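Q: This is the structure, below, for whatever I ask next.
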Amino acid sequence: MTLPSDQTLQKIQFYVTSSYNCGYLPNQLAQSLIASPQHLIDADAYSDLIQLGFRRSGKFAYRPHCEHCQECIPVRIVLQDFISSRSQKRAHKLHKQLTTAILPVAFHHEHYALYANYQKLRHPNDLADLDKKPTDDDAEQYQNFLCQTNVESVLIEFRDKGQLKMVSVIDIVRDGISAVYTFYDATDTKASYGTYNVLWQINWAKQLNLPYLYLGYLIKESKKMAYKQKFSPQEKLINGEWIK
């Protein structure tokens, strides 16, 4: 792996995790490359790492490092060239009444309740999960995942007439913003919250005069991740180079 010549990055070490079940492709084992130690991965270091395909989960910076699979492709939207499709324009119009608030990253019980319900409805491991109540361990996992950061991060609330509908965690890096995670009211089956959220982030990044929106990994064979190819033009990180 080639790294920039930045002195801080030269102090960072990288290790490969043991194999674990892939969360996106069935019957696949995955491994990750972890950047360490955490305290060295500040906003500047992470701005370099994200250009190398890394992402953030809590205070961990990682990227896929699977021996026999290359399906996870880092993608970023080229904002100056982005044009909304008809369906995306409809989604934006459908939710234009949503109000937003930008907050520091922190734990909020209201956010966690929305997150827990979103996970239960959109990402159940099995049917038994539909009756499963959140536990203290689940809340701790949420806090470790979304309420801890050592880079420049914000929470975005989206409300409809005061009612919380969606929350996004966003990192701000040197050349763009990075969509860390978004969850929303999954009981509203007629909504297009996910599409609206990406469009909102595109507009916000433009207001910040930043050139890219980092969307994480495109995995064409995963329904959870394939939606990202609907936003174009975008660049993909292939063999260490960002290409259209």
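Labels used: A, B, ... for chains in the order of the structure tokens, numbers from 1 for residues in each chain, and numbers from 1 for ligands as shown.
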With a distance cut-off of 12 Å and only C-alpha atoms, select the neighbouring residues of region 203-205 of chain A, excluding the residue or stretch itself and same-chain residues fewer than 2 positions from it, and output the selection as a PDB file with C-alpha atoms, in the first residue's frame.
A:
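And here is the file that came out, part-v2.pdb:
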```
ATOM      1  CA  ILE A  77     -19.538  12.117  -6.118  1.00  0.00           C
ATOM      2  CA  VAL A  78     -18.005  14.874  -8.250  1.00  0.00           C
ATOM      3  CA  LEU A  79     -20.163  17.737  -7.022  1.00  0.00           C
ATOM      4  CA  GLN A  80     -19.550  20.344  -9.703  1.00  0.00           C
ATOM      5  CA  PHE A  82     -23.720  16.374 -10.473  1.00  0.00           C
ATOM      6  CA  ILE A  83     -27.194  16.624 -12.037  1.00  0.00           C
ATOM      7  CA  SER A  84     -30.245  15.172 -10.294  1.00  0.00           C
ATOM      8  CA  HIS A  92     -36.235  16.182  -3.015  1.00  0.00           C
ATOM      9  CA  THR A 100     -32.407  20.578   9.637  1.00  0.00           C
ATOM     10  CA  ILE A 102     -26.415  20.751  12.758  1.00  0.00           C
ATOM     11  CA  ILE A 156     -27.569  16.429  11.242  1.00  0.00           C
ATOM     12  CA  ILE A 170     -21.043  13.336   8.592  1.00  0.00           C
ATOM     13  CA  ASP A 171     -17.274  13.805   8.598  1.00  0.00           C
ATOM     14  CA  ILE A 172     -15.714  16.925   7.110  1.00  0.00           C
ATOM     15  CA  VAL A 173     -12.412  16.244   5.379  1.00  0.00           C
ATOM     16  CA  ARG A 174     -10.006  18.371   3.415  1.00  0.00           C
ATOM     17  CA  ASP A 175     -11.587  17.894  -0.010  1.00  0.00           C
ATOM     18  CA  GLY A 176     -15.167  17.016   0.825  1.00  0.00           C
ATOM     19  CA  ILE A 177     -17.613  15.555   3.281  1.00  0.00           C
ATOM     20  CA  SER A 178     -17.991  11.888   4.101  1.00  0.00           C
ATOM     21  CA  ALA A 179     -21.344  10.219   4.707  1.00  0.00           C
ATOM     22  CA  TYR A 196     -33.229  13.020  -0.098  1.00  0.00           C
ATOM     23  CA  ASN A 197     -30.410  12.734   2.413  1.00  0.00           C
ATOM     24  CA  VAL A 198     -27.723  12.242  -0.241  1.00  0.00           C
ATOM     25  CA  LEU A 199     -29.112  15.218  -2.179  1.00  0.00           C
ATOM     26  CA  TRP A 200     -29.042  17.332   0.991  1.00  0.00           C
ATOM     27  CA  GLN A 201     -25.422  16.371   1.613  1.00  0.00           C
ATOM     28  CA  GLN A 207     -22.235  25.465   0.135  1.00  0.00           C
ATOM     29  CA  LEU A 208     -18.967  24.613   1.896  1.00  0.00           C
ATOM     30  CA  ASN A 209     -17.154  24.938  -1.464  1.00  0.00           C
ATOM     31  CA  LEU A 210     -15.934  21.351  -1.281  1.00  0.00           C
ATOM     32  CA  PRO A 211     -15.478  19.251  -4.428  1.00  0.00           C
ATOM     33  CA  TYR A 212     -16.511  15.745  -3.286  1.00  0.00           C
ATOM     34  CA  LEU A 213     -19.049  13.766  -1.318  1.00  0.00           C
ATOM     35  CA  TYR A 214     -17.519  10.470  -0.160  1.00  0.00           C
TER      36      TYR A 214
END
```
Q: Please, which residues in region 113-231 of chain A fall within 12 Å of region 61-67 of chain A when counting only C-alpha atoms, and what is the closest atom pair and distance in Å to one decimal for each, ordered by chain then residue number, as a Markdown table?
A:
```
| residue | atom | partner | partner_atom | distance |
| --- | --- | --- | --- | --- |
| A:Phe145 | CA | A:Ala61 | CA | 11.6 |
| A:Thr149 | CA | A:Ala61 | CA | 10.2 |
| A:Asn150 | CA | A:Ala61 | CA | 10.0 |
| A:Val151 | CA | A:Ala61 | CA | 10.4 |
| A:Val180 | CA | A:Ala61 | CA | 11.5 |
| A:Gly216 | CA | A:Arg63 | CA | 9.8 |
| A:Tyr217 | CA | A:Pro64 | CA | 9.3 |
| A:Leu218 | CA | A:Pro64 | CA | 11.8 |
| A:Ile219 | CA | A:Pro64 | CA | 11.7 |
```
Q: Identify, with DSSP run on backbone atoms, the residues in region 15-230 of chain A assigned to helix (DSSP H, G or I), and express the list as a PyMOL selection string.
A: chain A and resi 38-40+43-50+79-81+86-94+109-122+127-131+136-146+193-207+226-230
Q: Any chance you could list, as a PyMOL selection string, the residues in region 28-217 of chain A that come up strand (DSSP E) when DSSP is run on the backbone?
A: chain A and resi 29-30+32-36+55-57+60-64+73-78+99-103+153-160+163-173+176-184+212-217
Q: Just the residues within 9 Å of region 221-223 of chain A, please, counting only C-alpha atoms, with nothing from its chain fewer than 5 positions along; format it as a list in words.
A: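 Everything that qualifies: Tyr24, Leu25 and Glu71 of chain A.
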Q: Give me a file of those residues, with N, CA and C atoms, as a PDB file, in the first residue's frame.
A:
```pdb
ATOM      1  N   TYR A  24     -22.309  -7.890   4.001  1.00  0.00           N
ATOM      2  CA  TYR A  24     -22.943  -7.440   2.765  1.00  0.00           C
ATOM      3  C   TYR A  24     -23.159  -8.550   1.746  1.00  0.00           C
ATOM      4  N   LEU A  25     -22.256  -9.513   1.682  1.00  0.00           N
ATOM      5  CA  LEU A  25     -22.371 -10.598   0.713  1.00  0.00           C
ATOM      6  C   LEU A  25     -22.517 -11.922   1.456  1.00  0.00           C
ATOM      7  N   GLU A  71     -14.909  -6.616  -4.113  1.00  0.00           N
ATOM      8  CA  GLU A  71     -16.214  -6.052  -4.446  1.00  0.00           C
ATOM      9  C   GLU A  71     -16.459  -4.679  -3.818  1.00  0.00           C
TER      10      GLU A  71
END
```
Q: Please provide as a PDB file with N, CA and C atoms, in the first residue's frame all residues within 8 Å of Leu52 (chain A), with the sequence filter that same-chain residues fewer than 3 positions apart are discarded (counting only C-alpha atoms).
A:
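Once everything was written out, this is selection-v8.pdb:
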```pdb
ATOM      1  N   LEU A   3       1.513   5.133   0.667  1.00  0.00           N
ATOM      2  CA  LEU A   3       1.019   6.189   1.546  1.00  0.00           C
ATOM      3  C   LEU A   3       1.647   7.511   1.164  1.00  0.00           C
ATOM      4  N   ASP A  48      -6.167  12.331   4.566  1.00  0.00           N
ATOM      5  CA  ASP A  48      -5.287  11.567   3.682  1.00  0.00           C
ATOM      6  C   ASP A  48      -5.751  10.118   3.552  1.00  0.00           C
ATOM      7  N   LEU A  49      -6.165   9.535   4.670  1.00  0.00           N
ATOM      8  CA  LEU A  49      -6.577   8.136   4.646  1.00  0.00           C
ATOM      9  C   LEU A  49      -7.830   7.920   3.804  1.00  0.00           C
ATOM     10  N   LEU A 237     -12.263   4.445  -6.672  1.00  0.00           N
ATOM     11  CA  LEU A 237     -10.856   4.201  -6.360  1.00  0.00           C
ATOM     12  C   LEU A 237     -10.481   2.808  -6.850  1.00  0.00           C
ATOM     13  N   GLY A 240      -5.622   2.171  -6.545  1.00  0.00           N
ATOM     14  CA  GLY A 240      -4.967   3.343  -5.955  1.00  0.00           C
ATOM     15  C   GLY A 240      -5.195   4.643  -6.672  1.00  0.00           C
TER      16      GLY A 240
END
```
Q: Name the closest residue to Leu33 (chain A) among the candidates A:Val16, A:Ala106, A:Ala45, A:Ala116; distances are taken between atoms, counting only C-alpha atoms.
A: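 Counting only C-alpha atoms, the residue closest to Leu33 (chain A) is A:Val16.
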Q: When you draw a straight line from CA of Ile41 (chain A) to CA of Ser153 (chain A), how long is it in Å?
A: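 These atoms are spaced 13.3 Å apart.
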Q: In terms of the shortest atom-to-atom distance over only C-alpha atoms, which of A:Lys93, A:Gln234, A:Gln229, A:Thr99 is closest to Val167 (chain A)?
A: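 Selected residue with least distance to Val167 (chain A): A:Thr99.
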Q: Measure the distance from CA of Cys147 (chain A) to CA of Asp188 (chain A) in Å and round it to one decimal.
A: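 A separation of 25.3 Å between them.
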